[in-house]
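Colleague: What follows is entry-v9.txt, compact mmCIF, C-alpha atoms.
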# COMPACT_ATOMS: atom_id res chain seq x y z
CA MET A 1 25.29 137.06 -24.10
CA THR A 2 22.42 136.75 -26.57
CA GLY A 3 24.51 138.23 -29.39
CA VAL A 4 27.37 135.83 -28.71
CA ARG A 5 24.99 132.88 -28.77
CA ALA A 6 23.61 134.01 -32.12
CA PHE A 7 27.11 133.84 -33.66
CA ALA A 8 28.01 130.55 -32.01
CA PRO A 9 27.06 128.37 -35.05
CA ILE A 10 29.22 130.54 -37.30
CA LEU A 11 32.24 130.36 -34.99
CA GLY A 12 31.85 126.59 -34.80
CA PHE A 13 31.41 126.04 -31.05
CA ALA A 14 28.51 125.97 -28.58
CA LEU A 15 28.19 128.27 -25.62
CA VAL A 16 26.95 127.08 -22.28
CA ALA A 17 24.56 129.23 -20.25
CA SER A 18 25.79 130.55 -16.92
CA ALA A 19 22.79 129.19 -15.02
CA PRO A 20 23.67 126.66 -12.27
CA PRO A 21 23.24 122.97 -13.12
CA PRO A 22 20.08 121.23 -11.93
CA LEU A 23 20.14 119.46 -8.59
CA THR A 24 18.87 116.12 -9.97
CA ALA A 25 21.29 114.20 -12.06
CA GLN A 26 20.17 113.22 -15.52
CA ALA A 27 21.23 110.12 -17.38
CA PRO A 28 23.35 110.80 -20.46
CA PRO A 29 21.59 110.26 -23.80
CA PRO A 30 22.15 106.87 -25.37
CA ARG A 31 24.92 106.71 -27.88
CA THR A 32 23.89 106.02 -31.42
CA PRO A 33 26.32 103.84 -33.34
CA THR A 34 28.07 105.71 -36.08
CA PRO A 35 27.63 103.99 -39.44
CA GLN A 36 30.83 102.65 -40.88
CA ALA A 37 31.89 103.94 -44.25
CA VAL A 38 31.26 101.43 -47.00
CA GLU A 39 34.35 100.60 -48.97
CA PRO A 40 33.71 101.43 -52.64
CA ARG A 41 33.85 98.56 -55.07
CA ARG A 42 36.56 98.91 -57.70
CA ILE A 43 35.34 98.04 -61.18
CA THR A 44 36.97 97.96 -64.61
CA LEU A 45 35.34 98.57 -67.96
CA ALA A 46 35.08 94.84 -68.75
CA GLY A 47 33.59 94.18 -65.34
CA ALA A 48 31.08 97.00 -65.81
CA GLU A 49 29.97 95.59 -69.17
CA ASP A 50 29.51 92.09 -67.72
CA LEU A 51 27.58 93.49 -64.78
CA ALA A 52 25.25 95.44 -67.07
CA ARG A 53 24.60 92.35 -69.19
CA ARG A 54 23.36 90.58 -66.06
CA ASN A 55 21.50 93.36 -64.27
CA ASN A 56 20.29 95.99 -66.73
CA PRO A 57 16.45 95.90 -66.91
CA ARG A 58 16.35 96.73 -70.64
CA ILE A 59 18.32 93.59 -71.44
CA SER A 60 16.03 91.50 -69.23
CA ILE A 61 12.95 92.94 -70.94
CA GLU A 62 14.21 92.11 -74.44
CA ARG A 63 15.24 88.63 -73.39
CA LEU A 64 11.80 87.99 -71.95
CA ASN A 65 10.18 89.29 -75.12
CA ALA A 66 12.36 86.94 -77.18
CA LEU A 67 11.33 84.00 -74.98
CA ALA A 68 7.68 84.99 -75.31
CA SER A 69 8.11 85.14 -79.08
CA GLN A 70 9.30 81.53 -79.03
CA GLN A 71 6.05 80.54 -77.35
CA VAL A 72 4.11 82.39 -80.06
CA PHE A 73 5.90 80.24 -82.63
CA ARG A 74 4.83 77.14 -80.73
CA GLU A 75 1.24 78.41 -80.68
CA VAL A 76 1.20 78.90 -84.46
CA HIS A 77 3.02 75.64 -85.14
CA ALA A 78 0.41 73.73 -83.11
CA ALA A 79 -1.93 73.90 -86.12
CA VAL A 80 0.29 71.35 -87.90
CA TYR A 81 -0.35 68.65 -85.30
CA PRO A 82 -3.62 66.73 -84.78
CA THR A 83 -5.99 67.73 -82.01
CA LEU A 84 -7.36 65.01 -79.72
CA THR A 85 -10.37 65.79 -77.56
CA ALA A 86 -12.05 63.48 -75.02
CA TYR A 87 -15.75 63.76 -74.15
CA LEU A 88 -17.84 62.48 -71.28
CA THR A 89 -21.58 62.93 -71.67
CA ALA A 90 -24.57 61.99 -69.49
CA VAL A 91 -28.09 62.82 -70.60
CA ALA A 92 -31.53 62.29 -69.06
CA ALA A 93 -34.14 63.02 -71.73
CA HIS A 94 -37.92 63.07 -72.06
CA ASP A 95 -39.21 60.04 -73.95
CA GLY A 96 -39.73 60.84 -77.60
CA GLY A 97 -38.23 64.31 -77.24
CA ARG A 98 -36.50 65.98 -80.14
CA ILE A 99 -34.61 69.26 -80.58
CA SER A 100 -37.13 71.18 -82.63
CA ALA A 101 -35.81 74.75 -82.60
CA GLY A 102 -32.45 76.33 -83.24
CA GLY A 103 -31.42 74.35 -86.34
CA LEU A 104 -32.54 72.59 -89.51
CA SER A 105 -32.03 69.10 -88.14
CA ASN A 106 -34.49 67.35 -85.84
CA PRO A 107 -32.41 64.93 -83.76
CA ALA A 108 -33.84 62.66 -81.11
CA ILE A 109 -32.56 62.73 -77.53
CA TYR A 110 -32.05 59.49 -75.56
CA ASP A 111 -30.99 58.70 -72.06
CA ARG A 112 -27.30 57.77 -72.01
CA ALA A 113 -23.95 57.97 -70.30
CA ALA A 114 -21.09 57.73 -72.77
CA GLY A 115 -17.50 58.63 -73.41
CA GLY A 116 -15.37 59.01 -76.53
CA VAL A 117 -12.63 60.85 -78.36
CA THR A 118 -12.49 63.00 -81.46
CA VAL A 119 -9.40 63.49 -83.64
CA ASN A 120 -9.05 66.44 -86.02
CA GLN A 121 -6.08 66.66 -88.40
CA LEU A 122 -5.36 69.27 -91.03
CA ILE A 123 -4.47 67.62 -94.32
CA THR A 124 -3.75 70.74 -96.33
CA ASP A 125 -4.83 74.33 -96.68
CA PHE A 126 -2.60 74.89 -99.70
CA GLY A 127 0.20 76.74 -97.94
CA ARG A 128 -1.53 79.06 -95.48
CA THR A 129 -0.49 77.26 -92.29
CA SER A 130 3.08 76.69 -93.46
CA ASN A 131 3.41 80.39 -94.32
CA LEU A 132 2.05 81.37 -90.91
CA VAL A 133 4.51 79.05 -89.20
CA GLU A 134 7.44 80.42 -91.19
CA SER A 135 6.34 84.01 -90.53
CA SER A 136 6.19 83.33 -86.80
CA LYS A 137 9.63 81.72 -86.88
CA LEU A 138 11.11 84.75 -88.62
CA ARG A 139 9.55 87.11 -86.08
CA THR A 140 11.11 85.01 -83.32
CA GLU A 141 14.51 85.47 -84.95
CA ALA A 142 13.79 89.20 -85.27
CA ASP A 143 13.11 89.42 -81.53
CA ASP A 144 16.36 87.56 -80.83
CA ALA A 145 18.22 90.07 -82.99
CA ARG A 146 16.53 92.95 -81.15
CA ALA A 147 17.68 91.47 -77.85
CA THR A 148 21.23 91.43 -79.19
CA ALA A 149 20.86 95.02 -80.40
CA THR A 150 19.67 96.05 -76.95
CA ILE A 151 22.70 94.43 -75.36
CA GLU A 152 25.00 96.42 -77.65
CA GLU A 153 23.11 99.63 -76.90
CA VAL A 154 23.48 99.03 -73.17
CA VAL A 155 27.18 98.20 -73.58
CA LEU A 156 27.64 101.49 -75.45
CA ALA A 157 25.85 103.34 -72.65
CA VAL A 158 28.09 101.60 -70.10
CA ASP A 159 31.22 102.58 -72.04
CA GLN A 160 30.10 106.20 -72.29
CA SER A 161 29.15 106.39 -68.61
CA PHE A 162 32.37 104.65 -67.57
CA TYR A 163 34.59 107.02 -69.56
CA ASN A 164 32.57 109.99 -68.32
CA ALA A 165 33.22 108.80 -64.77
CA LEU A 166 36.93 108.38 -65.51
CA GLU A 167 37.02 111.86 -67.02
CA ALA A 168 35.27 113.36 -64.02
CA GLN A 169 37.64 111.50 -61.71
CA ALA A 170 40.67 112.78 -63.61
CA LEU A 171 39.29 116.33 -63.66
CA ARG A 172 38.82 116.15 -59.91
CA ALA A 173 42.48 115.16 -59.56
CA VAL A 174 43.41 118.14 -61.76
CA ALA A 175 41.30 120.41 -59.56
CA GLU A 176 42.95 119.06 -56.39
CA GLN A 177 46.39 119.61 -57.85
CA THR A 178 45.39 123.13 -58.92
CA VAL A 179 44.17 123.95 -55.41
CA ALA A 180 47.39 122.63 -53.89
CA GLU A 181 49.62 124.59 -56.25
CA ARG A 182 47.68 127.83 -55.91
CA GLN A 183 47.60 127.39 -52.14
CA GLN A 184 51.39 127.31 -52.12
CA VAL A 185 51.56 130.40 -54.33
CA ALA A 186 49.01 132.24 -52.18
CA ASP A 187 50.84 131.34 -48.96
CA ARG A 188 54.17 132.49 -50.37
CA ILE A 189 52.81 135.79 -51.66
CA ARG A 190 50.96 136.40 -48.39
CA ALA A 191 54.17 135.85 -46.47
CA LEU A 192 56.01 138.23 -48.80
CA ALA A 193 53.23 140.80 -48.46
CA GLU A 194 53.42 140.64 -44.67
CA SER A 195 57.16 141.26 -44.99
CA ASN A 196 56.45 144.25 -47.27
CA LEU A 197 58.18 142.50 -50.17
CA ARG A 198 54.98 142.26 -52.18
CA SER A 199 51.94 144.44 -52.30
CA GLU A 200 48.59 143.61 -50.73
CA LEU A 201 47.12 143.64 -54.24
CA ASP A 202 49.35 140.70 -55.21
CA ALA A 203 48.17 138.76 -52.17
CA ARG A 204 44.54 139.49 -53.02
CA PHE A 205 45.04 138.34 -56.60
CA ALA A 206 46.61 135.11 -55.38
CA GLU A 207 43.71 134.51 -53.00
CA VAL A 208 41.21 135.11 -55.81
CA ASP A 209 43.00 132.51 -57.93
CA LEU A 210 42.88 130.11 -55.00
CA ALA A 211 39.14 130.67 -54.57
CA GLU A 212 38.56 129.97 -58.25
CA ALA A 213 40.51 126.72 -57.91
CA ARG A 214 38.37 125.70 -54.94
CA LEU A 215 35.22 126.38 -56.94
CA LEU A 216 36.65 124.23 -59.70
CA LEU A 217 37.20 121.45 -57.16
CA VAL A 218 33.60 121.70 -55.92
CA ASP A 219 32.23 121.47 -59.45
CA ALA A 220 34.58 118.60 -60.32
CA ASP A 221 33.56 116.64 -57.23
CA ASN A 222 29.89 117.13 -58.01
CA SER A 223 30.43 116.04 -61.62
CA ARG A 224 32.25 112.93 -60.44
CA LEU A 225 29.42 111.91 -58.13
CA ALA A 226 26.83 112.54 -60.85
CA ALA A 227 28.83 110.46 -63.34
CA LEU A 228 29.10 107.59 -60.88
CA ALA A 229 25.35 107.76 -60.23
CA ALA A 230 24.66 107.61 -63.97
CA LEU A 231 27.00 104.63 -64.32
CA ALA A 232 25.30 102.81 -61.44
CA THR A 233 21.92 103.31 -63.11
CA VAL A 234 23.15 101.83 -66.39
CA LEU A 235 24.64 98.91 -64.49
CA GLY A 236 21.25 98.22 -62.89
CA GLU A 237 22.59 98.85 -59.37
CA SER A 238 21.32 102.30 -58.49
CA ASP A 239 20.75 101.17 -54.89
CA GLY A 240 23.94 99.12 -54.63
CA PRO A 241 27.20 99.89 -52.84
CA PRO A 242 29.33 102.80 -54.08
CA ILE A 243 31.63 102.06 -56.98
CA GLU A 244 35.02 103.34 -58.03
CA VAL A 245 36.08 103.18 -61.66
CA VAL A 246 39.53 101.80 -62.44
CA GLU A 247 41.26 102.84 -65.64
CA GLU A 248 42.95 100.17 -67.72
CA THR A 249 46.20 101.09 -69.41
CA ALA A 250 45.14 100.05 -72.91
CA PRO A 251 46.94 102.06 -75.60
CA LEU A 252 44.94 104.38 -77.78
CA ALA A 253 44.44 103.23 -81.37
CA ARG A 254 44.13 105.41 -84.45
CA PRO A 255 40.79 105.17 -86.34
CA SER A 256 40.67 103.18 -89.54
CA PRO A 257 41.88 105.28 -92.49
CA GLU A 258 39.00 104.14 -94.74
CA VAL A 259 35.29 104.39 -93.95
CA GLY A 260 34.09 102.14 -96.78
CA PRO A 261 35.02 98.84 -95.09
CA LEU A 262 33.37 100.05 -91.89
CA VAL A 263 30.10 100.71 -93.70
CA ALA A 264 30.18 97.27 -95.32
CA GLU A 265 30.95 95.71 -91.94
CA ALA A 266 28.02 97.52 -90.35
CA MET A 267 25.61 96.28 -93.03
CA SER A 268 26.54 92.69 -92.29
CA ARG A 269 26.91 92.89 -88.51
CA ARG A 270 24.34 95.32 -87.16
CA PRO A 271 21.70 93.33 -85.22
CA ASP A 272 19.05 96.01 -85.70
CA ILE A 273 19.42 95.65 -89.48
CA ALA A 274 19.14 91.88 -89.09
CA ALA A 275 16.00 92.32 -86.98
CA LEU A 276 14.29 94.48 -89.61
CA ASP A 277 15.37 92.08 -92.34
CA PHE A 278 13.67 89.26 -90.44
CA ASP A 279 10.60 91.49 -90.08
CA VAL A 280 10.49 92.06 -93.84
CA ARG A 281 10.71 88.34 -94.56
CA ALA A 282 8.10 87.59 -91.91
CA ALA A 283 5.73 90.19 -93.36
CA GLU A 284 6.17 88.68 -96.82
CA ARG A 285 5.30 85.18 -95.59
CA PHE A 286 2.30 86.56 -93.71
CA ARG A 287 1.17 88.27 -96.93
CA LEU A 288 1.27 84.93 -98.71
CA ALA A 289 -0.68 83.34 -95.85
CA GLU A 290 -3.38 85.98 -96.10
CA GLU A 291 -3.67 85.44 -99.83
CA ASP A 292 -4.14 81.71 -99.15
CA LEU A 293 -7.33 82.47 -97.20
CA GLU A 294 -9.30 82.20 -100.43
CA ARG A 295 -8.11 78.63 -100.98
CA PRO A 296 -10.00 75.61 -99.56
CA SER A 297 -8.82 73.65 -96.55
CA ILE A 298 -9.10 69.88 -96.13
CA ARG A 299 -9.33 68.21 -92.74
CA ALA A 300 -9.69 64.61 -91.57
CA VAL A 301 -12.02 63.96 -88.64
CA GLY A 302 -12.39 60.77 -86.64
CA ALA A 303 -14.54 59.89 -83.62
CA ALA A 304 -14.95 56.76 -81.48
CA GLY A 305 -16.51 55.87 -78.12
CA GLY A 306 -19.01 53.82 -76.18
CA ALA A 307 -22.12 54.15 -74.03
CA PRO A 308 -22.16 51.67 -71.09
CA TRP A 309 -25.51 53.05 -69.91
CA ARG A 310 -27.94 53.91 -72.67
CA ASN A 311 -31.39 53.68 -74.13
CA ASP A 312 -32.11 50.46 -76.05
CA ALA A 313 -32.29 52.47 -79.27
CA ILE A 314 -28.58 53.43 -78.98
CA SER A 315 -25.66 51.19 -80.01
CA PRO A 316 -23.17 50.30 -77.25
CA TRP A 317 -20.30 51.83 -79.26
CA TYR A 318 -19.76 54.20 -82.14
CA GLY A 319 -17.00 55.03 -84.58
CA ALA A 320 -16.68 57.17 -87.70
CA ILE A 321 -14.09 58.79 -89.90
CA GLY A 322 -14.46 61.37 -92.62
CA VAL A 323 -12.96 64.21 -94.60
CA ASN A 324 -14.23 67.76 -94.44
CA VAL A 325 -13.49 70.28 -97.22
CA GLU A 326 -14.09 73.97 -96.48
CA ILE A 327 -14.42 76.17 -99.57
CA PRO A 328 -14.77 79.94 -99.02
CA VAL A 329 -17.37 81.43 -101.34
CA PHE A 330 -18.22 84.93 -100.12
CA ASN A 331 -17.63 86.76 -96.84
CA GLY A 332 -18.14 90.41 -97.69
CA PHE A 333 -14.66 90.91 -99.25
CA LEU A 334 -13.00 90.15 -95.90
CA PHE A 335 -10.22 87.97 -97.26
CA GLY A 336 -9.36 90.44 -100.02
CA ALA A 337 -9.06 93.29 -97.52
CA ARG A 338 -6.84 91.21 -95.23
CA ALA A 339 -4.57 90.27 -98.14
CA LYS A 340 -4.29 93.94 -99.20
CA GLU A 341 -3.51 95.03 -95.66
CA ALA A 342 -0.74 92.42 -95.40
CA GLU A 343 0.71 93.58 -98.72
CA LEU A 344 0.82 97.21 -97.60
CA ARG A 345 2.39 96.35 -94.27
CA SER A 346 4.99 94.21 -96.04
CA GLU A 347 5.94 97.15 -98.24
CA ALA A 348 6.11 99.42 -95.18
CA SER A 349 8.56 96.96 -93.58
CA ARG A 350 10.78 97.14 -96.68
CA GLN A 351 10.78 100.92 -96.53
CA ARG A 352 11.71 100.87 -92.83
CA LEU A 353 14.63 98.58 -93.61
CA LEU A 354 15.77 100.92 -96.39
CA GLU A 355 15.51 103.90 -94.05
CA LEU A 356 17.54 102.13 -91.38
CA ARG A 357 20.27 101.20 -93.85
CA ASN A 358 20.56 104.85 -94.91
CA GLU A 359 20.73 105.93 -91.27
CA VAL A 360 23.43 103.36 -90.52
CA VAL A 361 25.56 104.66 -93.40
CA ARG A 362 25.16 108.18 -92.05
CA ASP A 363 25.89 107.18 -88.45
CA VAL A 364 29.00 105.16 -89.35
CA LYS A 365 30.43 108.03 -91.39
CA THR A 366 29.61 110.55 -88.66
CA ALA A 367 31.13 108.38 -85.94
CA TRP A 368 34.23 107.82 -88.09
CA LEU A 369 34.64 111.56 -88.64
CA ASP A 370 34.14 112.27 -84.93
CA ALA A 371 36.73 109.65 -84.01
CA GLY A 372 39.21 111.16 -86.48
CA ALA A 373 38.64 114.64 -85.10
CA ALA A 374 39.01 113.39 -81.53
CA TRP A 375 42.26 111.65 -82.48
CA ALA A 376 43.64 114.84 -84.00
CA ARG A 377 42.54 116.76 -80.91
CA LEU A 378 44.80 114.55 -78.75
CA ASP A 379 48.00 115.94 -80.29
CA VAL A 380 46.76 119.52 -80.20
CA ALA A 381 45.70 119.23 -76.55
CA ALA A 382 49.05 117.66 -75.59
CA GLN A 383 50.99 120.44 -77.36
CA LEU A 384 48.83 123.09 -75.71
CA LEU A 385 49.48 121.57 -72.29
CA GLU A 386 53.23 121.45 -72.90
CA GLN A 387 53.30 125.07 -74.04
CA SER A 388 51.12 126.26 -71.16
CA ASN A 389 53.38 124.48 -68.65
CA ALA A 390 56.39 126.23 -70.14
CA ALA A 391 54.56 129.56 -70.12
CA LEU A 392 53.60 129.09 -66.48
CA GLU A 393 57.17 128.37 -65.46
CA LEU A 394 58.35 131.44 -67.35
CA ALA A 395 55.64 133.62 -65.80
CA ARG A 396 56.49 132.34 -62.33
CA SER A 397 60.17 133.06 -62.84
CA ARG A 398 59.46 136.55 -64.17
CA TYR A 399 57.19 137.30 -61.23
CA GLU A 400 59.73 136.09 -58.67
CA LEU A 401 62.38 138.27 -60.32
CA GLY A 402 60.03 141.24 -60.25
CA LEU A 403 59.85 141.53 -64.03
CA SER A 404 56.08 141.09 -64.28
CA SER A 405 52.92 141.64 -62.32
CA ILE A 406 50.64 139.17 -60.55
CA VAL A 407 48.18 139.54 -63.42
CA GLU A 408 50.58 137.83 -65.81
CA LEU A 409 51.12 134.98 -63.36
CA SER A 410 47.35 134.60 -62.84
CA GLN A 411 46.74 134.45 -66.57
CA ALA A 412 49.45 131.81 -66.96
CA GLN A 413 47.93 129.74 -64.15
CA LEU A 414 44.50 130.01 -65.73
CA GLN A 415 45.77 128.96 -69.15
CA GLN A 416 47.66 126.01 -67.67
CA THR A 417 44.58 124.82 -65.81
CA ARG A 418 42.47 125.08 -68.95
CA ALA A 419 45.10 123.18 -70.93
CA GLU A 420 45.23 120.44 -68.30
CA ILE A 421 41.47 120.11 -68.37
CA GLY A 422 41.42 120.12 -72.17
CA ASN A 423 44.08 117.40 -72.34
CA THR A 424 42.12 115.22 -69.93
CA GLU A 425 38.86 115.74 -71.79
CA ALA A 426 40.51 114.99 -75.14
CA ARG A 427 41.79 111.62 -73.93
CA TYR A 428 38.48 110.34 -72.62
CA ARG A 429 36.36 111.87 -75.35
CA TYR A 430 38.40 109.93 -77.86
CA ARG A 431 37.64 106.78 -75.86
CA VAL A 432 33.94 107.61 -76.10
CA ALA A 433 34.20 108.32 -79.84
CA GLU A 434 36.05 105.03 -80.37
CA SER A 435 33.37 103.14 -78.47
CA ARG A 436 30.66 104.89 -80.47
CA LEU A 437 32.32 103.95 -83.76
CA ARG A 438 32.62 100.35 -82.64
CA TYR A 439 28.92 100.28 -81.82
CA GLU A 440 27.91 101.83 -85.15
CA VAL A 441 29.96 99.24 -87.03
CA GLY A 442 28.35 96.40 -85.10
CA GLY A 443 30.75 95.66 -82.26
CA GLY A 444 32.79 92.51 -82.05
CA THR A 445 36.07 92.43 -83.92
CA ALA A 446 35.23 95.08 -86.49
CA PRO A 447 38.40 96.86 -87.72
CA VAL A 448 37.45 100.29 -86.40
CA ALA A 449 40.96 101.24 -85.32
CA THR A 450 44.59 100.52 -86.04
CA PRO A 451 47.46 100.57 -83.51
CA ALA A 452 49.07 103.95 -83.10
CA ALA A 453 52.62 104.41 -84.24
CA PRO A 454 55.14 104.40 -81.39
Any chance you could put this one into structure tokens?

Modeller:
Amino acid sequence: MTGVRAFAPILGFALVASAPPPLTAQAPPPRTPTPQAVEPRRITLAGAEDLARRNNPRISIERLNALASQQVFREVHAAVYPTLTAYLTAVAAHDGGRISAGGLSNPAIYDRAAGGVTVNQLITDFGRTSNLVESSKLRTEADDARATATIEEVVLAVDQSFYNALEAQALRAVAEQTVAERQQVADRIRALAESNLRSELDARFAEVDLAEARLLLVDADNSRLAALAALATVLGESDGPPIEVVEETAPLARPSPEVGPLVAEAMSRRPDIAALDFDVRAAERFRLAEEDLERPSIRAVGAAGGAPWRNDAISPWYGAIGVNVEIPVFNGFLFGARAKEAELRSEASRQRLLELRNEVVRDVKTAWLDAGAAWARLDVAAQLLEQSNAALELARSRYELGLSSIVELSQAQLQQTRAEIGNTEARYRYRVAESRLRYEVGGGTAPVATPAAP
């Protein structure tokens, strides 16, 4: 009895001991409600892109940075406007007291309670503030361009993940069809072997092919789930309900025959190039602002107020206006070092822009070549599938007529499965290559492809 119980989990049933039931009745365990299966949400490529634009954290981060950059511009631009400050002061002083330490002046202190305002307005600093404002504005535009570039990067990631999920879904369908077909072949050969019309070796070969197909199905199912998980992460809904990708029947388009127009389009449309161009211009304006540190600045200052409670020596009101000119004379070569630093950083920004332009040219050409190769691979994969289907039918006919062995049929099945997988991969990898080329060119309506000939 102990040995039988040990094999009970393998056989798939539970054994009950032969001991008599207890005399006291026991209440049955409470039933736990079985969770209902959640219906997967069907989503298209356009719907996935819109969902990622709303939910992806990277897009939210760049948008917030762009909004913060707008506030930085407001902070810098505040120097153009006048500053108005109100003061309320109450003093109880010792008679005849004066501030005697801490400065060169020797002002008297009187009892008073007063209030007033002071206005400070920059008249001119000979271009420094205007250059700082323009530099901040350009950096704001650079951050906006980076937010746009991030959106396009996320859209590219969505496209790649979506097509990977479609490919995995199609490969799973291929694996299911392969299992079904090889199951039929294995059942037929097993029946023939039991009738002594085929050898046991043939039946074993057929069962091996069936086992390989089942392993293919397990791997395909795992790849499909992993691709869907990756897509959900890009969409920003890793904890959301399950999704099911829906393929749209858009025709495939041949890549553009010329790469030159694509490169020119990328130079004018790429938001990352625009962002670095704004950075270069902002660095140049900041360099000019740092050079203006050595120039004087002129400010107007005005003050007015009254003292309702005061010492008799103080007037009941006061008012004054004046102009203050600040002329830098010497500060330990600080301004010269700041100007030199700004110049070097401006040149570094130019070099980064040049490097990015070279990389864009390389990436557009590489993506164009990959798209062309993927397009050519479509015809080859389709021809290979057609030939492997014909070879499989011929091998099956020869085997049924007794003109060949099971090995030939197994090889034909294997080649047909590989051709089916290759044809599926070729179709979706071209979709990925097309999406990559569109991203490298700058997205939008760039002429990255032409309609295929019917």

Colleague: With distances taken over all atoms listed in the file, which of A:Tyr81, A:Tyr163, A:Tyr110, A:Tyr87 is nearest to Thr44 (chain A)?

Modeller: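 Answer, going by the shortest atom-to-atom distance: A:Tyr163.
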
Colleague: In Å to one decimal, how far is CA of Gly443 (chain A) from CA of Arg224 (chain A)?

Modeller: 27.9 Å

Colleague: Need to verify the contact set: Asn65 (chain A), 10 Å, all atoms listed in the file, exclusion of same-chain residues closer than 3 positions in sequence. Can you return it as a JSON list (two decimals) with C-alpha atoms, in the coordinates of the input?

Modeller:
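Now in result-v7.json:
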[["chain", "number", "residue", "atom", "x", "y", "z"],
["A", 59, "ILE", "CA", 18.32, 93.59, -71.44],
["A", 60, "SER", "CA", 16.03, 91.50, -69.23],
["A", 61, "ILE", "CA", 12.95, 92.94, -70.94],
["A", 62, "GLU", "CA", 14.21, 92.11, -74.44],
["A", 68, "ALA", "CA", 7.68, 84.99, -75.31],
["A", 69, "SER", "CA", 8.11, 85.14, -79.08],
["A", 70, "GLN", "CA", 9.30, 81.53, -79.03],
["A", 71, "GLN", "CA", 6.05, 80.54, -77.35],
["A", 140, "THR", "CA", 11.11, 85.01, -83.32],
["A", 143, "ASP", "CA", 13.11, 89.42, -81.53],
["A", 144, "ASP", "CA", 16.36, 87.56, -80.83],
["A", 146, "ARG", "CA", 16.53, 92.95, -81.15],
["A", 147, "ALA", "CA", 17.68, 91.47, -77.85]]

Colleague: Quick one: residues within 12 Å of region 347-352 of chain A, all atoms listed in the file, excluding same-chain residues fewer than 2 positions away - as a PyMOL selection string?

Modeller: chain A and resi 272-273+275-284+287+340-345+354-359

Colleague: Point out the residue among A:Val361, A:Asn324, A:Gln411, A:Ala274 with the least atom-to-atom distance to Ala145 (chain A), counting only C-alpha atoms.

Modeller: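 With only C-alpha atoms as the atom set, the closest residue is A:Ala274.
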
Colleague: With only C-alpha atoms as the basis for distance, which of A:Ser199, A:Gln383, A:Thr233, A:Asn131 is at the shortest distance from Phe162 (chain A)?

Modeller: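 Counting only C-alpha atoms, the residue closest to Phe162 (chain A) is A:Thr233.
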
Colleague: One decimal, Å: what's the distance from CA of Asp219 (chain A) over to CA of Gln415 (chain A), could you say?

Modeller: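 Atom-to-atom, CA of Asp219 (chain A) and CA of Gln415 (chain A) are spaced 18.3 Å apart.
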
Colleague: Just want the 12 Å neighbourhood of Arg310 (chain A), counted on all atoms listed in the file, with same-chain residues fewer than 5 positions away dropped. Output as a list in words.

Modeller: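 Those residues are Thr89, Ala90, Val91, Ala92, Ala93, Ile109, Tyr110, Asp111, Arg112, Ala113, Ala114, Gly115, Ser315, Pro316 and Trp317 of chain A.
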
Colleague: Keeping C-alpha atoms, export the residues of the selection given above as a PDB file, keeping the file's coordinate frame.

Modeller:
ATOM      1  CA  THR A  89     -21.580  62.930 -71.670  1.00  0.00           C
ATOM      2  CA  ALA A  90     -24.570  61.990 -69.490  1.00  0.00           C
ATOM      3  CA  VAL A  91     -28.090  62.820 -70.600  1.00  0.00           C
ATOM      4  CA  ALA A  92     -31.530  62.290 -69.060  1.00  0.00           C
ATOM      5  CA  ALA A  93     -34.140  63.020 -71.730  1.00  0.00           C
ATOM      6  CA  ILE A 109     -32.560  62.730 -77.530  1.00  0.00           C
ATOM      7  CA  TYR A 110     -32.050  59.490 -75.560  1.00  0.00           C
ATOM      8  CA  ASP A 111     -30.990  58.700 -72.060  1.00  0.00           C
ATOM      9  CA  ARG A 112     -27.300  57.770 -72.010  1.00  0.00           C
ATOM     10  CA  ALA A 113     -23.950  57.970 -70.300  1.00  0.00           C
ATOM     11  CA  ALA A 114     -21.090  57.730 -72.770  1.00  0.00           C
ATOM     12  CA  GLY A 115     -17.500  58.630 -73.410  1.00  0.00           C
ATOM     13  CA  SER A 315     -25.660  51.190 -80.010  1.00  0.00           C
ATOM     14  CA  PRO A 316     -23.170  50.300 -77.250  1.00  0.00           C
ATOM     15  CA  TRP A 317     -20.300  51.830 -79.260  1.00  0.00           C
TER      16      TRP A 317
END

Colleague: Report, in Å with one decimal, the straight-line distance from CA of Arg172 (chain A) to CA of Ala220 (chain A).

Modeller: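 Computing it gives 4.9 Å between the two atoms.
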
Colleague: Quick one: what's the axis-aligned box for region 304-312 of chain A, all listed atoms, 8 Å on every side, centre and edges in Å to one decimal, as AutoDock Vina command-line options?

Modeller:
--center_x -23.5 --center_y 53.6 --center_z -75.7 --size_x 33.2 --size_y 22.3 --size_z 27.6

Colleague: For region 184-188 of chain A, supply N, CA and C atoms and report the output as a CSV table (one decimal), in the coordinates of the input.

Modeller:
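Generated output (result-v7.csv):
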chain,number,residue,atom,x,y,z
A,184,GLN,N,50.0,127.0,-52.4
A,184,GLN,CA,51.4,127.3,-52.1
A,184,GLN,C,51.7,128.7,-52.6
A,185,VAL,N,51.3,129.1,-53.8
A,185,VAL,CA,51.6,130.4,-54.3
A,185,VAL,C,50.9,131.5,-53.4
A,186,ALA,N,49.7,131.2,-53.0
A,186,ALA,CA,49.0,132.2,-52.2
A,186,ALA,C,49.7,132.4,-50.8
A,187,ASP,N,50.1,131.3,-50.3
A,187,ASP,CA,50.8,131.3,-49.0
A,187,ASP,C,52.2,132.1,-49.1
A,188,ARG,N,52.9,131.8,-50.2
A,188,ARG,CA,54.2,132.5,-50.4
A,188,ARG,C,54.0,134.0,-50.6
